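J.: You'll find target24.cif just under this line, and it carries mmCIF, C-alpha atoms.
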data_structure
loop_
_atom_site.group_PDB
_atom_site.id
_atom_site.type_symbol
_atom_site.label_atom_id
_atom_site.label_comp_id
_atom_site.auth_asym_id
_atom_site.auth_seq_id
_atom_site.Cartn_x
_atom_site.Cartn_y
_atom_site.Cartn_z
ATOM 1 C CA MET N 1 -58.728 40.105 -33.494
ATOM 2 C CA ASP N 2 -58.994 36.412 -34.291
ATOM 3 C CA ILE N 3 -55.530 35.406 -35.521
ATOM 4 C CA LYS N 4 -55.526 33.175 -38.597
ATOM 5 C CA ARG N 5 -51.881 33.490 -39.648
ATOM 6 C CA VAL N 6 -48.618 34.765 -38.163
ATOM 7 C CA VAL N 7 -45.423 35.691 -40.004
ATOM 8 C CA VAL N 8 -42.174 35.959 -38.048
ATOM 9 C CA TYR N 9 -39.257 37.719 -39.726
ATOM 10 C CA LEU N 10 -35.879 36.835 -38.267
ATOM 11 C CA ASP N 11 -33.362 39.478 -37.225
ATOM 12 C CA ASP N 12 -30.755 39.716 -39.988
ATOM 13 C CA ASP N 13 -28.374 41.800 -37.866
ATOM 14 C CA VAL N 14 -27.026 39.098 -35.536
ATOM 15 C CA PRO N 15 -23.254 39.539 -34.949
ATOM 16 C CA ASP N 16 -20.867 36.890 -36.313
ATOM 17 C CA TYR N 17 -19.775 35.877 -32.826
ATOM 18 C CA MET N 18 -23.373 34.798 -32.138
ATOM 19 C CA ASP N 19 -23.334 32.133 -34.852
ATOM 20 C CA GLY N 20 -26.142 29.625 -34.247
ATOM 21 C CA ILE N 21 -28.284 32.148 -32.377
ATOM 22 C CA ILE N 22 -31.471 33.459 -33.988
ATOM 23 C CA ARG N 23 -33.595 36.386 -32.880
ATOM 24 C CA ILE N 24 -36.976 37.778 -33.854
ATOM 25 C CA GLY N 25 -36.902 40.814 -36.144
ATOM 26 C CA SER N 26 -40.668 41.338 -36.343
ATOM 27 C CA VAL N 27 -43.961 39.505 -35.823
ATOM 28 C CA ILE N 28 -47.037 40.270 -37.903
ATOM 29 C CA SER N 29 -50.397 38.564 -37.339
ATOM 30 C CA TYR N 30 -53.314 38.499 -39.762
ATOM 31 C CA ASP N 31 -57.012 37.960 -39.201
ATOM 32 C CA GLU N 32 -59.552 36.290 -41.509
ATOM 33 C CA ASN N 33 -59.838 39.512 -43.562
ATOM 34 C CA ASP N 34 -56.052 39.741 -43.938
ATOM 35 C CA ASN N 35 -55.886 42.765 -41.620
ATOM 36 C CA ASP N 36 -52.466 42.862 -40.021
ATOM 37 C CA LYS N 37 -51.129 43.754 -36.602
ATOM 38 C CA ASN N 38 -47.482 44.314 -35.735
ATOM 39 C CA HIS N 39 -46.444 42.747 -32.417
ATOM 40 C CA GLN N 40 -43.362 44.864 -31.715
ATOM 41 C CA ASP N 41 -43.557 43.841 -28.055
ATOM 42 C CA LEU N 42 -42.218 40.378 -29.041
ATOM 43 C CA VAL N 43 -39.024 41.890 -30.464
ATOM 44 C CA ASP N 44 -36.671 42.084 -27.494
ATOM 45 C CA ASN N 45 -33.356 40.406 -28.476
ATOM 46 C CA THR N 46 -34.365 37.119 -26.845
ATOM 47 C CA GLU N 47 -31.998 34.460 -28.168
ATOM 48 C CA PHE N 48 -33.295 31.213 -29.672
ATOM 49 C CA PHE N 49 -31.444 28.181 -30.981
ATOM 50 C CA ASP N 50 -33.999 26.928 -33.503
ATOM 51 C CA GLU N 51 -37.211 27.928 -35.239
ATOM 52 C CA ASN N 52 -39.343 25.587 -33.111
ATOM 53 C CA GLU N 53 -38.370 27.580 -30.012
ATOM 54 C CA ILE N 54 -39.509 30.764 -31.755
ATOM 55 C CA LYS N 55 -42.806 29.187 -32.798
ATOM 56 C CA SER N 56 -43.491 28.021 -29.232
ATOM 57 C CA PHE N 57 -42.616 31.463 -27.845
ATOM 58 C CA VAL N 58 -44.906 33.262 -30.319
ATOM 59 C CA LYS N 59 -47.733 30.745 -29.793
ATOM 60 C CA GLU N 60 -47.619 31.306 -26.048
ATOM 61 C CA ARG N 61 -47.302 35.088 -26.185
ATOM 62 C CA LEU N 62 -50.106 35.530 -28.753
ATOM 63 C CA ASN N 63 -52.272 32.891 -27.099
ATOM 64 C CA ILE N 64 -52.919 30.936 -30.295
ATOM 65 C CA ASP N 65 -53.849 27.265 -30.507
ATOM 66 C CA SER N 66 -51.241 25.911 -32.895
ATOM 67 C CA THR N 67 -47.763 26.628 -34.193
ATOM 68 C CA GLU N 68 -48.941 25.432 -37.628
ATOM 69 C CA ILE N 69 -50.210 28.924 -38.501
ATOM 70 C CA ILE N 70 -46.779 30.463 -37.815
ATOM 71 C CA GLU N 71 -44.476 31.017 -40.773
ATOM 72 C CA ILE N 72 -40.840 31.981 -40.249
ATOM 73 C CA ILE N 73 -39.055 34.094 -42.865
ATOM 74 C CA PRO N 74 -35.239 34.123 -42.632
#
Starting from the file, lay out its structure as C-alpha coordinates.
T.:
Amino acid sequence: MDIKRVVVYLDDDVPDYMDGIIRIGSVISYDENDNDKNHQDLVDNTEFFDENEIKSFVKERLNIDSTEIIEIIP
(Lines of atoms letter the chains of each structure in order from A and count residues from 1; the text may use other names and numbers.)
(Lines give C-alpha, C1' and ligand atoms only; values in the text may rest on other atoms or scores of the structure.)
Protein backbone atom coordinates (compact mmCIF):
# COMPACT_ATOMS: atom_id res chain seq x y z
CA MET A 1 0.00 0.00 0.00
CA ASP A 2 1.47 3.32 -1.09
CA ILE A 3 0.37 5.82 1.57
CA LYS A 4 -0.87 9.14 0.21
CA ARG A 5 -2.60 10.53 3.30
CA VAL A 6 -2.74 9.78 7.03
CA VAL A 7 -5.35 10.92 9.54
CA VAL A 8 -4.55 10.75 13.25
CA TYR A 9 -7.45 11.04 15.69
CA LEU A 10 -6.43 12.10 19.18
CA ASP A 11 -7.54 10.22 22.28
CA ASP A 12 -10.41 12.19 23.83
CA ASP A 13 -10.32 10.19 27.08
CA VAL A 14 -7.19 11.67 28.67
CA PRO A 15 -7.69 12.20 32.45
CA ASP A 16 -7.77 15.77 33.80
CA TYR A 17 -4.60 15.23 35.81
CA MET A 18 -2.75 14.65 32.52
CA ASP A 19 -3.46 18.16 31.24
CA GLY A 20 -1.03 19.04 28.44
CA ILE A 21 -0.52 15.40 27.46
CA ILE A 22 -1.94 14.13 24.16
CA ARG A 23 -2.27 10.54 23.01
CA ILE A 24 -3.18 8.83 19.76
CA GLY A 25 -6.74 7.50 19.55
CA SER A 26 -6.46 6.00 16.06
CA VAL A 27 -4.39 6.22 12.88
CA ILE A 28 -5.90 5.66 9.45
CA SER A 29 -3.85 5.73 6.24
CA TYR A 30 -5.21 6.06 2.72
CA ASP A 31 -3.74 5.07 -0.62
CA GLU A 32 -4.19 6.77 -4.01
CA ASN A 33 -7.59 5.06 -4.45
CA ASP A 34 -8.74 6.23 -1.02
CA ASN A 35 -8.59 2.69 0.38
CA ASP A 36 -8.01 2.89 4.11
CA LYS A 37 -6.01 0.91 6.62
CA ASN A 38 -6.32 1.16 10.39
CA HIS A 39 -2.97 1.14 12.20
CA GLN A 40 -4.18 0.03 15.64
CA ASP A 41 -0.61 -0.99 16.50
CA LEU A 42 0.27 2.73 16.88
CA VAL A 43 -2.34 3.19 19.62
CA ASP A 44 -0.50 2.31 22.82
CA ASN A 45 -1.00 5.19 25.32
CA THR A 46 2.35 6.76 24.40
CA GLU A 47 2.30 10.31 25.75
CA PHE A 48 3.15 13.28 23.54
CA PHE A 49 3.43 16.97 24.35
CA ASP A 50 2.58 18.43 20.95
CA GLU A 51 1.24 17.47 17.54
CA ASN A 52 4.68 17.67 15.89
CA GLU A 53 5.88 14.83 18.13
CA ILE A 54 2.91 12.74 17.00
CA LYS A 55 3.59 13.51 13.34
CA SER A 56 7.25 12.50 13.69
CA PHE A 57 6.28 9.29 15.51
CA VAL A 58 3.72 8.32 12.84
CA LYS A 59 6.09 9.24 9.99
CA GLU A 60 8.78 6.98 11.42
CA ARG A 61 6.50 4.07 12.26
CA LEU A 62 4.72 4.09 8.87
CA ASN A 63 7.94 4.76 6.99
CA ILE A 64 6.58 7.71 5.02
CA ASP A 65 8.63 10.52 3.51
CA SER A 66 6.96 13.60 4.94
CA THR A 67 4.84 14.73 7.86
CA GLU A 68 2.96 17.02 5.44
CA ILE A 69 0.55 14.21 4.52
CA ILE A 70 -0.41 13.69 8.18
CA GLU A 71 -3.55 15.40 9.44
CA ILE A 72 -4.37 15.48 13.14
CA ILE A 73 -8.00 15.60 14.27
CA PRO A 74 -8.56 16.64 17.91
J.: What's the 9 Å shell around region 9-19 of chain N, counting all atoms listed in the file, without same-chain residues fewer than 4 positions away, as an mmCIF file with C-alpha atoms, in the coordinates of the input?
T.:
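Output (part_11.cif):
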data_model
loop_
_atom_site.group_PDB
_atom_site.id
_atom_site.type_symbol
_atom_site.label_atom_id
_atom_site.label_comp_id
_atom_site.auth_asym_id
_atom_site.auth_seq_id
_atom_site.Cartn_x
_atom_site.Cartn_y
_atom_site.Cartn_z
ATOM 1 C CA ARG N 23 -33.595 36.386 -32.880
ATOM 2 C CA ILE N 24 -36.976 37.778 -33.854
ATOM 3 C CA GLY N 25 -36.902 40.814 -36.144
ATOM 4 C CA SER N 26 -40.668 41.338 -36.343
ATOM 5 C CA VAL N 27 -43.961 39.505 -35.823
ATOM 6 C CA ILE N 28 -47.037 40.270 -37.903
ATOM 7 C CA ASN N 45 -33.356 40.406 -28.476
ATOM 8 C CA GLU N 71 -44.476 31.017 -40.773
ATOM 9 C CA ILE N 72 -40.840 31.981 -40.249
ATOM 10 C CA ILE N 73 -39.055 34.094 -42.865
ATOM 11 C CA PRO N 74 -35.239 34.123 -42.632
#
J.: Selected by the PyMOL selection byres ((chain N and resi 20) around 9) in the shown coordinates: which residues, as an MDAnalysis selection string?
T.: chainID N and resid 18:19 21:22 48:50
J.: Between N:Met1, N:Ile64, N:Val6, N:Ile70, which has the minimum distance to Glu51 (chain N) (counting only C-alpha atoms)?
T.: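 Smallest distance to Glu51 (chain N) is found for N:Ile70.
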J.: How would you write, as a ChimeraX atom specification, the residues chosen by the PyMOL selection byres ((chain N and resi 34) around 12) on this structure?
T.: /N:1-6,28-33,35-37
J.: Calculate how many Å separate CA of Val8 (chain N) from CA of His39 (chain N), rounding to one decimal.
T.: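 Distance reported for this atom pair: 9.8 Å.
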J.: How big is the axis-aligned box around the listed atoms of region 33-46 of chain N once 8 Å is added on each side, and where is its centre? Give both in Å to one decimal, as AutoDock Vina command-line options.
T.:
--center_x -46.6 --center_y 41.0 --center_z -35.4 --size_x 42.5 --size_y 23.7 --size_z 33.1
J.: What separation in Å, quoted to one decimal, exists between CA of Glu68 (chain N) and CA of Asp44 (chain N)?
T.: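 Spanning CA of Glu68 (chain N) to CA of Asp44 (chain N) is a straight-line distance of 23.0 Å.
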J.: Quote the spacing between CA of Leu42 (chain N) and CA of Ile69 (chain N) in Å to one decimal place.
T.: 16.9 Å
J.: Please, could N, CA and C atoms be added to region 22-48 of chain N and the result written as a PDB file, keeping the file's coordinate frame?
T.:
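File part.pdb, as written:
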ATOM      1  N   ILE N  22     -30.518  32.715 -33.161  1.00  0.00           N
ATOM      2  CA  ILE N  22     -31.471  33.459 -33.988  1.00  0.00           C
ATOM      3  C   ILE N  22     -32.342  34.314 -33.080  1.00  0.00           C
ATOM      4  N   ARG N  23     -32.747  35.450 -33.621  1.00  0.00           N
ATOM      5  CA  ARG N  23     -33.595  36.386 -32.880  1.00  0.00           C
ATOM      6  C   ARG N  23     -34.743  36.834 -33.770  1.00  0.00           C
ATOM      7  N   ILE N  24     -35.796  37.292 -33.138  1.00  0.00           N
ATOM      8  CA  ILE N  24     -36.976  37.778 -33.854  1.00  0.00           C
ATOM      9  C   ILE N  24     -36.723  39.208 -34.311  1.00  0.00           C
ATOM     10  N   GLY N  25     -36.999  39.464 -35.608  1.00  0.00           N
ATOM     11  CA  GLY N  25     -36.902  40.814 -36.144  1.00  0.00           C
ATOM     12  C   GLY N  25     -38.248  41.524 -36.115  1.00  0.00           C
ATOM     13  N   SER N  26     -39.317  40.793 -36.446  1.00  0.00           N
ATOM     14  CA  SER N  26     -40.668  41.338 -36.343  1.00  0.00           C
ATOM     15  C   SER N  26     -41.682  40.199 -36.384  1.00  0.00           C
ATOM     16  N   VAL N  27     -42.868  40.476 -35.847  1.00  0.00           N
ATOM     17  CA  VAL N  27     -43.961  39.505 -35.823  1.00  0.00           C
ATOM     18  C   VAL N  27     -45.218  40.224 -36.295  1.00  0.00           C
ATOM     19  N   ILE N  28     -45.819  39.697 -37.349  1.00  0.00           N
ATOM     20  CA  ILE N  28     -47.037  40.270 -37.903  1.00  0.00           C
ATOM     21  C   ILE N  28     -48.118  39.186 -37.887  1.00  0.00           C
ATOM     22  N   SER N  29     -49.275  39.506 -37.311  1.00  0.00           N
ATOM     23  CA  SER N  29     -50.397  38.564 -37.339  1.00  0.00           C
ATOM     24  C   SER N  29     -51.466  39.098 -38.284  1.00  0.00           C
ATOM     25  N   TYR N  30     -52.257  38.172 -38.806  1.00  0.00           N
ATOM     26  CA  TYR N  30     -53.314  38.499 -39.762  1.00  0.00           C
ATOM     27  C   TYR N  30     -54.605  37.830 -39.319  1.00  0.00           C
ATOM     28  N   ASP N  31     -55.712  38.541 -39.511  1.00  0.00           N
ATOM     29  CA  ASP N  31     -57.012  37.960 -39.201  1.00  0.00           C
ATOM     30  C   ASP N  31     -57.634  37.373 -40.467  1.00  0.00           C
ATOM     31  N   GLU N  32     -58.876  36.934 -40.377  1.00  0.00           N
ATOM     32  CA  GLU N  32     -59.552  36.290 -41.509  1.00  0.00           C
ATOM     33  C   GLU N  32     -59.749  37.227 -42.704  1.00  0.00           C
ATOM     34  N   ASN N  33     -59.701  38.529 -42.487  1.00  0.00           N
ATOM     35  CA  ASN N  33     -59.838  39.512 -43.562  1.00  0.00           C
ATOM     36  C   ASN N  33     -58.487  40.035 -44.041  1.00  0.00           C
ATOM     37  N   ASP N  34     -57.426  39.394 -43.596  1.00  0.00           N
ATOM     38  CA  ASP N  34     -56.052  39.741 -43.938  1.00  0.00           C
ATOM     39  C   ASP N  34     -55.622  41.100 -43.375  1.00  0.00           C
ATOM     40  N   ASN N  35     -56.326  41.570 -42.343  1.00  0.00           N
ATOM     41  CA  ASN N  35     -55.886  42.765 -41.620  1.00  0.00           C
ATOM     42  C   ASN N  35     -54.692  42.371 -40.774  1.00  0.00           C
ATOM     43  N   ASP N  36     -53.677  43.223 -40.737  1.00  0.00           N
ATOM     44  CA  ASP N  36     -52.466  42.862 -40.021  1.00  0.00           C
ATOM     45  C   ASP N  36     -52.280  43.666 -38.747  1.00  0.00           C
ATOM     46  N   LYS N  37     -51.493  43.087 -37.853  1.00  0.00           N
ATOM     47  CA  LYS N  37     -51.129  43.754 -36.602  1.00  0.00           C
ATOM     48  C   LYS N  37     -49.668  43.433 -36.327  1.00  0.00           C
ATOM     49  N   ASN N  38     -48.894  44.467 -36.044  1.00  0.00           N
ATOM     50  CA  ASN N  38     -47.482  44.314 -35.735  1.00  0.00           C
ATOM     51  C   ASN N  38     -47.331  44.118 -34.224  1.00  0.00           C
ATOM     52  N   HIS N  39     -46.643  43.057 -33.836  1.00  0.00           N
ATOM     53  CA  HIS N  39     -46.444  42.747 -32.417  1.00  0.00           C
ATOM     54  C   HIS N  39     -45.005  43.095 -32.026  1.00  0.00           C
ATOM     55  N   GLN N  40     -44.707  44.377 -32.023  1.00  0.00           N
ATOM     56  CA  GLN N  40     -43.362  44.864 -31.715  1.00  0.00           C
ATOM     57  C   GLN N  40     -42.930  44.479 -30.298  1.00  0.00           C
ATOM     58  N   ASP N  41     -43.883  44.221 -29.426  1.00  0.00           N
ATOM     59  CA  ASP N  41     -43.557  43.841 -28.055  1.00  0.00           C
ATOM     60  C   ASP N  41     -42.852  42.478 -27.970  1.00  0.00           C
ATOM     61  N   LEU N  42     -42.898  41.677 -29.030  1.00  0.00           N
ATOM     62  CA  LEU N  42     -42.218  40.378 -29.041  1.00  0.00           C
ATOM     63  C   LEU N  42     -40.779  40.476 -29.525  1.00  0.00           C
ATOM     64  N   VAL N  43     -40.381  41.673 -29.964  1.00  0.00           N
ATOM     65  CA  VAL N  43     -39.024  41.890 -30.464  1.00  0.00           C
ATOM     66  C   VAL N  43     -38.196  42.482 -29.324  1.00  0.00           C
ATOM     67  N   ASP N  44     -37.394  41.617 -28.682  1.00  0.00           N
ATOM     68  CA  ASP N  44     -36.671  42.084 -27.494  1.00  0.00           C
ATOM     69  C   ASP N  44     -35.277  41.464 -27.357  1.00  0.00           C
ATOM     70  N   ASN N  45     -34.697  41.013 -28.463  1.00  0.00           N
ATOM     71  CA  ASN N  45     -33.356  40.406 -28.476  1.00  0.00           C
ATOM     72  C   ASN N  45     -33.264  39.094 -27.705  1.00  0.00           C
ATOM     73  N   THR N  46     -34.399  38.458 -27.427  1.00  0.00           N
ATOM     74  CA  THR N  46     -34.365  37.119 -26.845  1.00  0.00           C
ATOM     75  C   THR N  46     -33.657  36.196 -27.827  1.00  0.00           C
ATOM     76  N   GLU N  47     -32.782  35.346 -27.314  1.00  0.00           N
ATOM     77  CA  GLU N  47     -31.998  34.460 -28.168  1.00  0.00           C
ATOM     78  C   GLU N  47     -32.630  33.073 -28.229  1.00  0.00           C
ATOM     79  N   PHE N  48     -32.743  32.542 -29.440  1.00  0.00           N
ATOM     80  CA  PHE N  48     -33.295  31.213 -29.672  1.00  0.00           C
ATOM     81  C   PHE N  48     -32.258  30.385 -30.422  1.00  0.00           C
TER      82      PHE N  48
END
